[in-house]
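Visitor: Quick one: structure below, then a few questions.
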Amino acid sequence: MITPDARPRMSPLYRMQFEPTQDSWVLLYPEGMVRLNAPAAEILQRCDGKRTVDEIVAELEVVFAQTPLHDDVVVFLSQALQRSWLQ
Amino acid sequence: MAAPIDRTTKPPLWLLVELTYRCPLHCVFCSNPVDYARHGEELDTASWKRVLAEARALGAVQLGFSGGEPLLRPDLEELVAHARGLGFYTNLITSGVGLTSARAKALRTAGLDHVQLSFQDSTRELNDFLSSTKTFELKSRVAAIIKAEGYPMVLNCVMHRFNLQHVDRIIGMAEQMGADFLELANTQYYGWAWLNRAALMPTATELREAEAVVDAHRDRLAGRMKILWVSPDYADEKPKPCMAGWGAVFMVVAPDGVAMPCHSARMLPGPALPNLRDVSVRAAWHDSEAFNRYRGDAWMGSTCSSCDERHRDFGGCRCQAFLVTGNAAATDPVCPKSPDRGRIDDMLDAAATRHANDATVQLLRFVPGARRGADMLFRSDENSLDCSAAGTAGTAPC
């Protein structure tokens, strides 16, 4: 479903920001909030509609100094898409 | 009876500011206090800004601008801009009256994130009757304005005996308007809805039928519009996790600056609630007797404290316990384990009997300026003053 050259972007329904008092990134939406773990936040920050999935994976492999991450990233992106965080 | 103050209490995440109790609508199920017309003056702009800044510093991140009708405050744009600058996610909870295209644009520029628009029904007749105003056409225009400005839009419709059979058309209306979320808020019986409960209460059968319709649409609309069905807790026989626990994540500030753990807490017996004119948000949240009164589970009686559900439903609702049993610390009477469950069943039985005797809901006629209609009392300054003068605010029909 998610192709390597897709360019995911955040849905305008959601806003992502870092909350110092919670020491974590959160997704904010009408009257709700999702607290993100660190890998989820790293992925979503790169979903800007410009980077391709392959580019996102390549960057994350550098950030986490770990390969291969392709499958993990695609699984997360599919879930995020299903939850309408991404479009 | 002050509970020991727990320094490990987490900060509030949700701040709801009721900027004003003034409202152009007169809804029979309004959750505002019945005696609202006797409350003190509204906080000024500078005071609201201070409250917002203090709550944000504490960790609050979701902010609702509510009322009454918050658009009646000419400083709404200024408060939104201030809140957005502080990093809040800002929600406007409105009847739509006063939301012109120009104002929707100005609020967008100020940083408003989302608009929740209320409807009373999918028909003009019932919408206008229940709110005692001619606002249906206007709300339809406002929905288009909200979408044109690119806001996420939530439509909210309070559900009860008069409109449950329209649920299919209400969903259709929301879909046609392009709503992102539809909140079907089954009436919770507080404030004006408590006064009007006999007329508003549906039967358990009507609720089940409506929920089946919702479930069918939910599958069809997956990925396009989310539907939230607020549990009718009387019929579901399941206490709601009210406010996700008393003083756990939620603070409401009334127009006069009184800080409350929920919308209705002001009517509960006990020491006065803290006023943010006098104390900081931090002091109100952490140190006030009111916010600690039902925090955690030390206050619970044996029915709740021995129950496995207590960390999921937090003992249910204190205001409901007080209204139905007279004891705010009682187990929520909707719970089958409550010795007072019979009182709830009596109300549901009365609704069924009433329904059997009056099979077709009478055609409701809109009367401008009406104070009563269809055995209900409309939310108005006059009725508020009368009810509170009679000393029956919140506890009995007047």
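Labeling convention for the structure tokens: chains A, B, ... as they appear, residues from 1 per chain, ligands from 1 in order of appearance.
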Using only C-alpha atoms, what does the table of stretch 299-386 of chain B residues within 7 Å of stretch 184-207 of chain B look like, with each row giving the shortest atom pair and its distance in Å to one decimal, sorted by chain and ascending number, as JSON lines?

Guide:
```
{"residue": "B:Leu348", "atom": "CA", "partner": "B:Thr203", "partner_atom": "CA", "distance": 6.2}
{"residue": "B:Ala351", "atom": "CA", "partner": "B:Thr203", "partner_atom": "CA", "distance": 5.7}
{"residue": "B:Ala352", "atom": "CA", "partner": "B:Thr203", "partner_atom": "CA", "distance": 5.4}
{"residue": "B:Asp375", "atom": "CA", "partner": "B:Ala199", "partner_atom": "CA", "distance": 6.5}
{"residue": "B:Met376", "atom": "CA", "partner": "B:Asn196", "partner_atom": "CA", "distance": 5.4}
{"residue": "B:Leu377", "atom": "CA", "partner": "B:Asn196", "partner_atom": "CA", "distance": 6.6}
{"residue": "B:Arg379", "atom": "CA", "partner": "B:Trp192", "partner_atom": "CA", "distance": 6.7}
```

Visitor: Generate the output file for the selected residues, C-alpha atoms, as a compact mmCIF listing (two decimals), in the first residue's frame.

Guide:
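Dumped everything to out-v4.txt:
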```
# COMPACT_ATOMS: atom_id res chain seq x y z
CA LEU B 348 -36.23 4.86 32.77
CA ALA B 351 -39.81 7.33 30.31
CA ALA B 352 -41.17 4.08 28.90
CA ASP B 375 -43.26 20.43 29.68
CA MET B 376 -39.78 21.89 29.53
CA LEU B 377 -38.08 24.96 30.88
CA ARG B 379 -32.44 28.16 29.61
```

Visitor: Residues at most 10 Å from stretch 208-221 of chain B, counting only C-alpha atoms, excluding those fewer than 2 positions away in the same chain, as a count of residues only?

Guide: 26

Visitor: I'd like the contact shell of stretch 23-27 of chain A - 12 Å cut-off, only C-alpha atoms, skipping same-chain residues fewer than 5 positions apart - returned as a compact mmCIF listing (two decimals) with N, CA and C atoms, in the first residue's frame.

Guide:
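The resulting file, result-v3.txt, is reproduced below:
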```txt
# COMPACT_ATOMS: atom_id res chain seq x y z
N MET A 10 1.62 14.92 7.05
CA MET A 10 0.70 14.94 8.18
C MET A 10 -0.66 15.45 7.73
N SER A 11 -1.72 14.84 8.26
CA SER A 11 -3.07 15.34 7.99
C SER A 11 -3.22 16.69 8.66
N PRO A 12 -3.92 17.62 8.00
CA PRO A 12 -4.13 18.94 8.63
C PRO A 12 -4.98 18.87 9.90
N LEU A 13 -5.59 17.71 10.15
CA LEU A 13 -6.37 17.57 11.39
C LEU A 13 -5.47 17.47 12.61
N TYR A 14 -4.20 17.16 12.37
CA TYR A 14 -3.30 16.90 13.50
C TYR A 14 -2.19 17.93 13.58
N ARG A 15 -1.78 18.22 14.78
CA ARG A 15 -0.63 19.11 15.00
C ARG A 15 0.33 18.37 15.93
N MET A 16 1.60 18.43 15.58
CA MET A 16 2.60 17.71 16.37
C MET A 16 3.48 18.72 17.08
N GLN A 17 3.73 18.51 18.35
CA GLN A 17 4.65 19.42 19.05
C GLN A 17 5.29 18.71 20.24
N PHE A 18 6.40 19.28 20.69
CA PHE A 18 7.09 18.71 21.85
C PHE A 18 6.52 19.34 23.11
N GLY A 32 -8.29 16.16 21.61
CA GLY A 32 -7.59 14.93 21.94
C GLY A 32 -6.08 15.05 21.80
N MET A 33 -5.38 14.05 22.30
CA MET A 33 -3.92 14.05 22.27
C MET A 33 -3.41 12.61 22.25
N VAL A 34 -2.40 12.37 21.44
CA VAL A 34 -1.71 11.08 21.44
C VAL A 34 -0.26 11.35 21.82
N ARG A 35 0.24 10.63 22.81
CA ARG A 35 1.65 10.77 23.18
C ARG A 35 2.47 9.82 22.30
N LEU A 36 3.52 10.33 21.71
CA LEU A 36 4.32 9.53 20.77
C LEU A 36 5.59 9.03 21.43
N ASN A 37 6.00 7.81 21.09
CA ASN A 37 7.31 7.37 21.55
C ASN A 37 8.38 7.96 20.61
N ALA A 38 9.62 7.83 20.98
CA ALA A 38 10.69 8.53 20.26
C ALA A 38 10.79 8.12 18.78
N PRO A 39 10.77 6.82 18.46
CA PRO A 39 10.84 6.46 17.03
C PRO A 39 9.66 7.01 16.23
N ALA A 40 8.45 6.93 16.80
CA ALA A 40 7.27 7.45 16.10
C ALA A 40 7.44 8.94 15.80
N ALA A 41 7.95 9.68 16.80
CA ALA A 41 8.14 11.12 16.62
C ALA A 41 9.18 11.39 15.52
N GLU A 42 10.27 10.60 15.51
CA GLU A 42 11.31 10.79 14.47
C GLU A 42 10.74 10.56 13.07
N ILE A 43 9.89 9.55 12.95
CA ILE A 43 9.31 9.26 11.64
C ILE A 43 8.35 10.39 11.23
N LEU A 44 7.41 10.72 12.12
CA LEU A 44 6.36 11.68 11.76
C LEU A 44 6.93 13.06 11.45
N GLN A 45 8.03 13.42 12.15
CA GLN A 45 8.65 14.73 11.88
C GLN A 45 9.14 14.84 10.44
N ALA A 80 -0.16 4.64 10.82
CA ALA A 80 -0.44 6.09 10.93
C ALA A 80 -1.45 6.52 9.86
N ARG A 83 -4.87 5.40 10.88
CA ARG A 83 -5.44 6.27 11.92
C ARG A 83 -5.69 7.68 11.43
N SER A 84 -5.44 7.91 10.16
CA SER A 84 -5.64 9.24 9.53
C SER A 84 -4.67 10.29 10.04
N TRP A 85 -3.56 9.89 10.64
CA TRP A 85 -2.54 10.88 11.03
C TRP A 85 -1.85 11.42 9.78
N LEU A 86 -1.78 10.55 8.79
CA LEU A 86 -1.07 10.91 7.54
C LEU A 86 -2.04 10.89 6.37
N LEU B 13 -4.18 18.49 31.85
CA LEU B 13 -3.86 18.52 30.43
C LEU B 13 -4.91 19.31 29.65
N GLY B 59 1.32 22.68 32.36
CA GLY B 59 1.34 21.52 31.46
C GLY B 59 0.08 21.33 30.63
N VAL B 61 -2.45 21.48 27.70
CA VAL B 61 -2.13 21.60 26.28
C VAL B 61 -3.39 21.71 25.42
N GLN B 62 -4.49 21.11 25.85
CA GLN B 62 -5.75 21.27 25.15
C GLN B 62 -6.54 22.39 25.82
N GLY B 87 1.30 27.90 23.00
CA GLY B 87 1.46 26.50 22.57
C GLY B 87 0.24 25.62 22.79
N PHE B 88 -0.89 26.21 23.18
CA PHE B 88 -2.11 25.43 23.33
C PHE B 88 -2.63 24.96 21.97
N TYR B 89 -3.32 23.81 21.96
CA TYR B 89 -4.19 23.44 20.84
C TYR B 89 -5.55 24.04 21.18
```

Visitor: Find the distance between atom CA of B:Ile146 and atom CA of B:Ala110 and write it in Å to one decimal.

Guide: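 Atom-to-atom, atom CA of B:Ile146 and atom CA of B:Ala110 are spaced 14.7 Å apart.
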
Visitor: Which chain B residues are at most 10 Å from chain A (counting only C-alpha atoms), as JSON, numbers by chain?

Guide: {"B": [10, 11, 13, 14, 56, 57, 58, 59, 60, 61, 62, 63, 64, 87, 88, 89, 90, 91, 92, 113, 114, 115, 116, 150, 151, 152, 153, 154, 180, 181, 222, 223, 224]}

Visitor: Please, could you write that set of residues out with N, CA and C atoms as a CSV table (one decimal), in the first residue's frame?

Guide:
```
chain,number,residue,atom,x,y,z
B,10,LYS,N,-0.5,14.6,38.9
B,10,LYS,CA,-0.1,15.1,37.6
B,10,LYS,C,-0.8,16.4,37.2
B,11,PRO,N,-0.1,17.1,36.3
B,11,PRO,CA,-0.7,18.4,36.0
B,11,PRO,C,-2.0,18.2,35.1
B,13,LEU,N,-4.2,18.5,31.9
B,13,LEU,CA,-3.9,18.5,30.4
B,13,LEU,C,-4.9,19.3,29.6
B,14,TRP,N,-6.1,19.4,30.2
B,14,TRP,CA,-7.2,20.0,29.5
B,14,TRP,C,-7.8,21.2,30.3
B,56,ARG,N,-0.9,26.8,31.2
B,56,ARG,CA,0.0,26.3,30.2
B,56,ARG,C,1.4,25.9,30.8
B,57,ALA,N,1.8,26.8,31.7
B,57,ALA,CA,3.1,26.6,32.4
B,57,ALA,C,3.0,25.3,33.2
B,58,LEU,N,1.8,25.0,33.7
B,58,LEU,CA,1.6,23.8,34.5
B,58,LEU,C,1.6,22.5,33.7
B,59,GLY,N,1.3,22.7,32.4
B,59,GLY,CA,1.3,21.5,31.5
B,59,GLY,C,0.1,21.3,30.6
B,60,ALA,N,-0.9,22.2,30.8
B,60,ALA,CA,-2.2,22.0,30.0
B,60,ALA,C,-1.9,22.3,28.6
B,61,VAL,N,-2.5,21.5,27.7
B,61,VAL,CA,-2.1,21.6,26.3
B,61,VAL,C,-3.4,21.7,25.4
B,62,GLN,N,-4.5,21.1,25.9
B,62,GLN,CA,-5.8,21.3,25.2
B,62,GLN,C,-6.5,22.4,25.8
B,63,LEU,N,-7.0,23.3,25.0
B,63,LEU,CA,-7.8,24.4,25.5
B,63,LEU,C,-9.1,24.6,24.8
B,64,GLY,N,-10.2,24.6,25.5
B,64,GLY,CA,-11.5,24.8,24.9
B,64,GLY,C,-12.0,26.2,25.3
B,87,GLY,N,1.3,27.9,23.0
B,87,GLY,CA,1.5,26.5,22.6
B,87,GLY,C,0.2,25.6,22.8
B,88,PHE,N,-0.9,26.2,23.2
B,88,PHE,CA,-2.1,25.4,23.3
B,88,PHE,C,-2.6,25.0,22.0
B,89,TYR,N,-3.3,23.8,22.0
B,89,TYR,CA,-4.2,23.4,20.8
B,89,TYR,C,-5.6,24.0,21.2
B,90,THR,N,-6.0,24.9,20.3
B,90,THR,CA,-7.2,25.7,20.7
B,90,THR,C,-8.5,25.3,20.0
B,91,ASN,N,-9.5,25.0,20.8
B,91,ASN,CA,-10.8,24.5,20.3
B,91,ASN,C,-11.8,25.6,20.6
B,92,LEU,N,-12.6,25.9,19.6
B,92,LEU,CA,-13.8,26.9,19.9
B,92,LEU,C,-15.1,26.0,19.9
B,113,ASP,N,-7.3,26.4,16.2
B,113,ASP,CA,-7.0,25.1,15.5
B,113,ASP,C,-8.3,24.4,15.1
B,114,HIS,N,-9.4,24.6,15.8
B,114,HIS,CA,-10.5,23.7,15.5
B,114,HIS,C,-11.8,24.4,16.0
B,115,VAL,N,-12.9,24.1,15.2
B,115,VAL,CA,-14.2,24.6,15.6
B,115,VAL,C,-15.2,23.4,15.8
B,116,GLN,N,-15.8,23.5,17.0
B,116,GLN,CA,-16.9,22.5,17.2
B,116,GLN,C,-18.2,23.3,17.2
B,150,GLY,N,-11.0,26.1,6.2
B,150,GLY,CA,-10.0,25.0,6.3
B,150,GLY,C,-9.9,24.5,7.7
B,151,TYR,N,-10.8,24.8,8.6
B,151,TYR,CA,-10.7,24.3,10.0
B,151,TYR,C,-11.2,22.8,10.0
B,152,PRO,N,-10.5,22.0,10.9
B,152,PRO,CA,-11.2,20.7,11.2
B,152,PRO,C,-12.5,21.0,11.9
B,153,MET,N,-13.6,20.3,11.5
B,153,MET,CA,-14.9,20.7,12.1
B,153,MET,C,-15.5,19.5,12.8
B,154,VAL,N,-15.9,19.7,14.0
B,154,VAL,CA,-16.7,18.7,14.7
B,154,VAL,C,-18.1,19.2,14.8
B,180,ASP,N,-15.6,16.5,10.1
B,180,ASP,CA,-14.5,15.5,10.3
B,180,ASP,C,-14.9,14.5,11.4
B,181,PHE,N,-15.6,15.1,12.4
B,181,PHE,CA,-16.1,14.3,13.5
B,181,PHE,C,-17.5,14.6,13.7
B,222,ALA,N,-16.0,5.0,7.7
B,222,ALA,CA,-14.6,4.8,8.1
B,222,ALA,C,-13.6,5.5,7.3
B,223,GLY,N,-12.7,6.3,7.9
B,223,GLY,CA,-11.7,7.0,7.1
B,223,GLY,C,-12.2,8.4,6.6
B,224,ARG,N,-13.5,8.7,6.7
B,224,ARG,CA,-14.0,10.0,6.3
B,224,ARG,C,-14.5,10.8,7.4
```

Visitor: Within 6 Å of stretch 52-67 of chain A, counting only C-alpha atoms, which residues show up once you throw out same-chain ones fewer than 5 positions away? Write them as a list in words, please.

Guide: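 Result of the neighbour search: Pro4, Asp5, Ala6 and Arg7 of chain A.
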
Visitor: Take the residues that were just selected and, keeping N, CA and C atoms, output them as a compact mmCIF listing (two decimals), in the first residue's frame.

Guide:
```txt
# COMPACT_ATOMS: atom_id res chain seq x y z
N PRO A 4 7.71 2.98 -2.11
CA PRO A 4 8.95 3.61 -1.69
C PRO A 4 9.06 5.08 -2.13
N ASP A 5 8.35 5.43 -3.22
CA ASP A 5 8.46 6.82 -3.68
C ASP A 5 7.29 7.69 -3.20
N ALA A 6 6.43 7.13 -2.31
CA ALA A 6 5.35 7.94 -1.74
C ALA A 6 5.94 9.04 -0.87
N ARG A 7 5.21 10.16 -0.80
CA ARG A 7 5.68 11.28 0.03
C ARG A 7 4.62 11.59 1.09
```
